[in-house]
>>> print(open('input05.cif').read())   # mmCIF, C-alpha atoms
data_protein
loop_
_atom_site.label_atom_id
_atom_site.label_comp_id
_atom_site.auth_asym_id
_atom_site.auth_seq_id
_atom_site.Cartn_x
_atom_site.Cartn_y
_atom_site.Cartn_z
CA MET D 8 -17.38 -20.37 -17.07
CA ALA D 9 -14.08 -20.61 -15.19
CA LEU D 10 -15.77 -19.11 -12.12
CA ALA D 11 -18.51 -21.74 -12.20
CA SER D 12 -16.04 -24.64 -12.27
CA THR D 13 -13.98 -23.15 -9.39
CA ALA D 14 -17.15 -22.92 -7.32
CA THR D 15 -18.04 -26.52 -8.15
CA LEU D 16 -14.52 -27.64 -7.26
CA LEU D 17 -14.70 -25.86 -3.88
CA ARG D 18 -18.13 -27.34 -3.16
CA ARG D 19 -16.85 -30.82 -3.95
CA ALA D 20 -13.79 -30.31 -1.74
CA PHE D 21 -15.92 -29.23 1.24
CA ALA D 22 -18.38 -32.09 0.74
CA SER D 23 -15.65 -34.75 0.73
CA ALA D 24 -13.93 -33.17 3.74
CA ALA D 25 -17.17 -33.31 5.69
CA ALA D 26 -17.76 -36.92 4.68
CA ALA D 27 -14.17 -37.81 5.62
CA HIS D 28 -14.47 -36.83 9.33
CA GLY D 29 -18.04 -38.11 9.66
CA GLY D 30 -19.83 -34.85 9.03
CA HIS D 31 -21.13 -33.12 12.18
CA GLU D 32 -21.19 -36.16 14.47
CA GLY D 33 -19.54 -35.49 17.81
CA GLY D 34 -19.66 -31.71 17.33
CA ALA D 35 -21.70 -31.35 20.50
CA ARG D 36 -19.29 -33.56 22.44
CA THR D 37 -16.34 -31.37 21.45
CA TRP D 38 -18.03 -28.20 22.67
CA LYS D 39 -19.23 -29.94 25.84
CA ILE D 40 -15.63 -30.84 26.62
CA LEU D 41 -14.50 -27.30 25.83
CA THR D 42 -17.18 -25.99 28.20
CA PHE D 43 -16.06 -27.99 31.22
CA VAL D 44 -12.30 -28.06 30.58
CA VAL D 45 -11.62 -24.55 29.22
CA ALA D 46 -14.54 -22.15 29.47
CA LEU D 47 -15.88 -22.75 32.99
CA PRO D 48 -12.42 -23.21 34.62
CA GLY D 49 -11.41 -19.96 32.87
CA VAL D 50 -14.34 -18.24 34.53
CA GLY D 51 -13.33 -19.79 37.85
CA VAL D 52 -9.77 -18.48 37.55
CA CYS D 53 -11.02 -14.97 36.77
CA MET D 54 -13.44 -15.16 39.69
CA ALA D 55 -10.59 -16.06 42.04
CA ASN D 56 -8.42 -13.29 40.60
CA ALA D 57 -11.16 -10.66 40.95
CA TRP D 58 -11.92 -11.78 44.51
CA LEU D 59 -8.28 -11.57 45.58
CA LYS D 60 -7.78 -8.15 43.97
CA MET D 61 -10.92 -6.83 45.60
CA GLN D 62 -9.77 -7.96 49.05
CA HIS D 63 -6.59 -5.92 49.34
CA GLY D 64 -7.92 -3.06 47.19
CA SER D 65 -10.39 -1.67 49.74
CA HIS D 66 -9.53 1.83 50.81
CA ASP D 67 -11.35 5.07 51.51
CA PRO D 68 -12.86 6.97 48.59
CA PRO D 69 -10.79 10.00 47.43
CA GLU D 70 -11.38 13.36 49.13
CA PHE D 71 -14.11 15.51 47.63
CA ILE D 72 -13.12 18.38 45.33
CA SER D 73 -15.93 20.35 43.70
CA TYR D 74 -14.71 20.22 40.08
CA PRO D 75 -16.96 22.18 37.67
CA HIS D 76 -16.73 19.48 34.95
CA LEU D 77 -18.11 16.76 37.24
CA ARG D 78 -21.48 16.22 38.94
CA ILE D 79 -23.16 18.64 36.55
CA ARG D 80 -26.87 19.17 37.16
CA THR D 81 -28.42 21.18 34.31
CA LYS D 82 -31.69 19.30 34.87
CA PRO D 83 -32.76 17.16 37.84
CA PHE D 84 -32.90 13.37 37.29
CA PRO D 85 -36.53 12.25 36.75
CA TRP D 86 -36.40 9.97 39.85
CA GLY D 87 -36.11 10.41 43.58
CA ASP D 88 -35.02 13.89 44.61
CA GLY D 89 -33.46 14.45 41.18
CA ASN D 90 -29.98 14.74 42.63
CA HIS D 91 -28.86 11.10 42.88
CA SER D 92 -27.60 9.04 39.92
CA LEU D 93 -29.45 5.79 39.17
CA PHE D 94 -26.93 3.47 40.88
CA HIS D 95 -25.99 5.98 43.57
CA ASN D 96 -23.73 4.63 46.28
CA SER D 97 -23.33 7.04 49.19
CA HIS D 98 -19.97 5.52 50.15
CA THR D 99 -18.26 6.12 46.80
CA ASN D 100 -20.45 8.71 45.04
CA PRO D 101 -20.45 12.25 46.38
CA LEU D 102 -23.29 14.62 45.53
CA PRO D 103 -22.45 17.97 43.90
CA THR D 104 -22.18 19.32 47.46
CA GLY D 105 -19.96 16.52 48.75
CA TYR D 106 -20.27 13.08 50.34
CA GLU D 107 -23.50 12.35 52.19
CA GLY D 108 -23.78 10.94 55.69
CA PRO D 109 -21.51 10.97 58.72
CA HIS D 110 -18.57 8.82 57.56
CA HIS D 111 -16.97 11.53 55.44
CA ARG P 29 -51.15 -24.20 -3.32
CA GLN P 30 -48.13 -22.04 -4.19
CA ALA P 31 -45.58 -22.76 -6.96
CA HIS P 32 -42.58 -21.42 -4.98
CA ALA P 33 -40.72 -22.14 -1.73
CA TYR P 34 -41.13 -18.75 -0.13
CA HIS P 35 -43.24 -17.88 2.91
CA MET P 36 -46.32 -15.78 2.22
CA VAL P 37 -47.00 -14.53 5.74
CA ASP P 38 -50.60 -14.48 7.03
CA PRO P 39 -52.02 -11.08 8.06
CA SER P 40 -50.81 -10.20 11.55
CA PRO P 41 -51.51 -7.43 14.08
CA TRP P 42 -48.07 -7.51 15.69
CA PRO P 43 -46.28 -5.05 13.40
CA LEU P 44 -48.97 -2.51 14.27
CA THR P 45 -48.84 -3.19 18.01
CA GLY P 46 -45.03 -3.05 17.83
CA ALA P 47 -45.09 0.32 16.07
CA THR P 48 -47.63 1.61 18.59
CA ALA P 49 -45.41 0.40 21.42
CA ALA P 50 -42.46 2.27 19.88
CA LEU P 51 -44.54 5.45 19.77
CA LEU P 52 -45.72 5.05 23.37
CA LEU P 53 -42.21 4.26 24.60
CA THR P 54 -40.56 7.27 22.97
CA SER P 55 -43.26 9.80 23.78
CA GLY P 56 -43.59 8.19 27.22
CA LEU P 57 -39.90 8.77 27.84
CA ALA P 58 -40.28 12.45 26.94
CA VAL P 59 -43.36 12.76 29.18
CA TRP P 60 -41.44 11.11 32.05
CA PHE P 61 -38.53 13.52 31.69
CA HIS P 62 -40.65 16.67 31.50
CA TYR P 63 -43.95 15.97 33.27
CA HIS P 64 -42.92 13.24 35.76
CA SER P 65 -45.60 10.74 34.71
CA THR P 66 -44.65 7.15 33.83
CA THR P 67 -48.08 6.04 32.54
CA LEU P 68 -47.41 6.36 28.80
CA MET P 69 -44.01 4.72 29.07
CA THR P 70 -45.39 1.81 31.15
CA LEU P 71 -48.14 1.22 28.58
CA GLY P 72 -45.51 1.19 25.85
CA LEU P 73 -43.39 -1.29 27.78
CA ILE P 74 -46.30 -3.69 28.35
CA LEU P 75 -47.38 -3.45 24.71
CA MET P 76 -43.79 -4.09 23.56
CA LEU P 77 -43.45 -7.19 25.75
CA LEU P 78 -46.81 -8.52 24.53
CA THR P 79 -45.79 -7.90 20.91
CA MET P 80 -42.46 -9.68 21.37
CA TYR P 81 -44.07 -12.70 23.01
CA GLN P 82 -46.87 -13.11 20.49
CA TRP P 83 -44.90 -12.31 17.34
CA TRP P 84 -42.07 -14.68 18.16
CA ARG P 85 -44.55 -17.38 19.27
CA ASP P 86 -46.15 -17.06 15.83
CA ILE P 87 -42.77 -17.38 14.10
CA VAL P 88 -42.00 -20.54 16.09
CA ARG P 89 -45.37 -21.97 15.04
CA GLU P 90 -44.88 -21.01 11.38
CA GLY P 91 -41.34 -22.42 11.25
CA THR P 92 -42.01 -25.71 13.05
CA TYR P 93 -45.58 -27.01 13.01
CA MET P 94 -46.51 -25.24 9.79
CA GLY P 95 -43.28 -26.00 7.86
CA HIS P 96 -42.86 -22.55 6.34
CA HIS P 97 -39.09 -22.30 6.93
CA THR P 98 -37.87 -23.95 3.74
CA PRO P 99 -34.17 -23.70 2.76
CA PRO P 100 -34.65 -20.46 0.76
CA VAL P 101 -36.58 -18.98 3.68
CA GLN P 102 -33.82 -20.04 6.08
CA LYS P 103 -31.29 -18.38 3.78
CA GLY P 104 -33.24 -15.14 4.06
CA LEU P 105 -33.32 -15.45 7.85
CA ARG P 106 -29.55 -15.95 7.87
CA TYR P 107 -29.11 -12.80 5.77
CA GLY P 108 -31.24 -10.98 8.33
CA MET P 109 -28.99 -12.13 11.15
CA ILE P 110 -25.88 -11.05 9.22
CA LEU P 111 -27.39 -7.61 8.68
CA PHE P 112 -28.23 -7.31 12.36
CA ILE P 113 -24.73 -8.33 13.43
CA THR P 114 -23.31 -5.78 10.99
CA SER P 115 -25.42 -3.06 12.57
CA GLU P 116 -24.14 -4.14 15.99
CA VAL P 117 -20.58 -3.81 14.72
CA PHE P 118 -21.29 -0.23 13.68
CA PHE P 119 -22.95 0.41 17.04
CA PHE P 120 -19.73 -0.53 18.82
CA LEU P 121 -17.63 1.34 16.28
CA GLY P 122 -19.52 4.46 17.34
CA PHE P 123 -18.64 3.92 20.99
CA PHE P 124 -14.97 3.30 20.21
CA TRP P 125 -14.84 6.41 17.99
CA ALA P 126 -16.39 8.52 20.74
CA PHE P 127 -13.94 7.14 23.30
CA PHE P 128 -10.85 7.78 21.19
CA HIS P 129 -12.16 11.22 20.19
CA SER P 130 -12.36 12.26 23.84
CA SER P 131 -9.36 10.42 25.22
CA LEU P 132 -6.64 10.99 22.61
CA ALA P 133 -6.93 14.78 22.80
CA PRO P 134 -8.37 15.60 26.25
CA THR P 135 -9.82 19.11 26.48
CA PRO P 136 -8.80 21.71 29.09
CA GLU P 137 -12.29 21.37 30.64
CA LEU P 138 -11.28 17.85 31.72
CA GLY P 139 -7.93 19.04 33.07
CA GLY P 140 -6.08 18.36 29.81
CA CYS P 141 -5.44 14.73 30.84
CA TRP P 142 -7.00 11.30 30.51
CA PRO P 143 -8.59 9.93 32.65
CA PRO P 144 -10.11 13.32 33.42
CA THR P 145 -9.19 15.00 36.71
CA GLY P 146 -11.25 13.61 39.55
CA ILE P 147 -12.14 10.36 37.79
CA THR P 148 -10.69 7.17 39.32
CA PRO P 149 -10.88 4.49 36.60
CA LEU P 150 -11.88 0.87 37.22
CA ASP P 151 -9.19 -1.82 37.14
CA PRO P 152 -9.82 -3.61 33.81
CA PHE P 153 -8.26 -6.81 35.15
CA GLU P 154 -10.76 -7.13 37.99
CA VAL P 155 -14.49 -7.53 37.22
CA PRO P 156 -14.17 -6.46 33.55
CA LEU P 157 -11.81 -9.38 32.92
CA LEU P 158 -14.15 -11.76 34.74
CA ASN P 159 -17.04 -10.54 32.62
CA THR P 160 -14.98 -11.15 29.47
CA ALA P 161 -14.41 -14.74 30.59
CA VAL P 162 -18.13 -15.13 31.35
CA LEU P 163 -19.04 -13.75 27.94
CA LEU P 164 -16.64 -16.03 26.08
CA ALA P 165 -17.73 -19.02 28.16
CA SER P 166 -21.34 -18.35 27.20
CA GLY P 167 -20.25 -18.42 23.57
CA VAL P 168 -18.79 -21.89 24.12
CA THR P 169 -21.92 -23.15 25.91
CA VAL P 170 -24.27 -21.77 23.27
CA THR P 171 -22.21 -23.48 20.55
CA TRP P 172 -22.57 -26.69 22.54
CA ALA P 173 -26.33 -26.02 22.61
CA HIS P 174 -26.37 -25.44 18.84
CA HIS P 175 -24.62 -28.70 18.07
CA SER P 176 -26.79 -30.60 20.56
CA LEU P 177 -29.87 -29.23 18.80
CA MET P 178 -28.54 -30.15 15.36
CA GLU P 179 -27.76 -33.68 16.59
CA GLY P 180 -31.21 -34.11 18.16
CA GLN P 181 -29.88 -34.35 21.73
CA ARG P 182 -32.75 -32.78 23.63
CA LYS P 183 -31.46 -33.17 27.19
CA GLU P 184 -28.02 -31.77 26.39
CA ALA P 185 -29.52 -28.94 24.36
CA ILE P 186 -31.62 -27.88 27.35
CA GLN P 187 -28.68 -28.21 29.76
CA SER P 188 -26.25 -26.20 27.63
CA LEU P 189 -28.85 -23.53 26.90
CA ALA P 190 -29.65 -23.26 30.61
CA LEU P 191 -25.93 -22.87 31.34
CA THR P 192 -25.73 -20.15 28.71
CA ILE P 193 -28.62 -18.26 30.28
CA LEU P 194 -27.13 -18.72 33.75
CA LEU P 195 -23.85 -17.20 32.55
CA GLY P 196 -25.85 -14.33 31.07
CA CYS P 197 -27.54 -13.69 34.41
CA TYR P 198 -24.17 -13.84 36.17
CA PHE P 199 -22.78 -11.26 33.72
CA THR P 200 -25.74 -8.94 34.29
CA THR P 201 -25.47 -9.28 38.08
CA LEU P 202 -21.76 -8.45 37.94
CA GLN P 203 -22.49 -5.41 35.77
CA ALA P 204 -25.15 -4.15 38.20
CA MET P 205 -22.65 -4.57 41.03
CA GLU P 206 -20.02 -2.64 39.05
CA TYR P 207 -22.48 0.19 38.40
CA TYR P 208 -23.27 0.38 42.10
CA GLU P 209 -19.67 0.23 43.35
CA ALA P 210 -18.18 2.62 40.77
CA PRO P 211 -16.77 5.89 42.09
CA PHE P 212 -18.26 7.74 39.14
CA PRO P 213 -21.83 7.52 37.72
CA PHE P 214 -22.99 7.31 34.10
CA ALA P 215 -23.59 11.03 34.04
CA GLU P 216 -19.84 11.57 34.17
#
>>> encode(input="input05.cif", output="structure tokens")
Amino acid sequence: MALASTATLLRRAFASAAAAHGGHEGGARTWKILTFVVALPGVGVCMANAWLKMQHGSHDPPEFISYPHLRIRTKPFPWGDGNHSLFHNSHTNPLPTGYEGPHH
Amino acid sequence: RQAHAYHMVDPSPWPLTGATAALLLTSGLAVWFHYHSTTLMTLGLILMLLTMYQWWRDIVREGTYMGHHTPPVQKGLRYGMILFITSEVFFFLGFFWAFFHSSLAPTPELGGCWPPTGITPLDPFEVPLLNTAVLLASGVTVTWAHHSLMEGQRKEAIQSLALTILLGCYFTTLQAMEYYEAPFPFAE
């Protein structure tokens, strides 16, 4: 019985609170403002930051060392020649035998 | 006429086509790996996409034009969403457990250190941070879309939803770029 009346009390409290600030009117406006003042500028700042970091971070990929725990090939990949990972990038990804192409 | 507020669903072929798609996708994956044919897997993919489109179209029809989504039915749908989100939480818990298992006590095979020898990690404050901002921003825009919908503002609902999807595409593009530029592949 005590539990039922607590629940009723809570329900009444929430209902009057909602009525007091006009229910859900203007909810969309709040989030629209948040979108253009906080969220999207936040994305812009992080874009600028990432761009700047990427600029002065460019350097040559590390030298190739044939570690046994890396570039393991117990079974060929089911695409291409079976030796290249799905997002293979010949500038940064060496094959088990070393970097491909002339630049390295 | 029924004496209750629940939705007695009409007979539908989509659960069967969905289950068939699941079978074709899984067996198709195995066939691709071992026999280098993508036919079964492609069939499964097409069937899955068809099932998704038609099943969800039916749900939209049932919930709107046909009025089947009464308050008790909506409550059940909310429970469903809560259960799904809970399963997602456990999904991520698995990944975090695996990461801490490997990184807190690195094995000698990795060089006894973390990151493992030969692995150059990504800078978390570069693209990963940007993607976090994009993700959070899309949460703000989708909340805007939700409130617009609840308030009957059609134009704003469409705009905010479009923004949300745009942010999602941006996130995916950035991820693809990360995968391509990374000095180590998924296999590592």
>>> interface_residues(input="input05.cif", of="chain P", to="chain D", cutoff="7 Å", atoms="all atoms listed in the file", output="list in words")
Trp60, Phe61, His64, Glu137, Leu138, Glu154, Val155, Leu157, Leu158, Ala161, Val162, Ala165, Val168, Thr169, Thr171, Trp172, His175, Ser176, Tyr207, Tyr208, Glu209, Ala210, Pro211, Phe212, Pro213 and Glu216 of chain P
>>> residues_around(input="input05.cif", residues="segment 77-93 of chain P", least_positions_apart="4", cutoff="10 Å", atoms="all atoms listed in the file", output="VMD selection string")
chain P and resid 35 37 to 38 40 to 49 72 to 73 97 to 98 101 to 102
>>> atom_distance(input="input05.cif", atom1="atom CA of Leu57 of chain P", atom2="atom CA of Thr70 of chain P")
9.5 Å
>>> atom_distance(input="input05.cif", atom1="atom CA of Leu52 of chain P", atom2="atom CA of Leu75 of chain P")
8.8 Å
>>> atom_distance(input="input05.cif", atom1="atom CA of Leu132 of chain P", atom2="atom CA of Leu202 of chain P")
29.0 Å
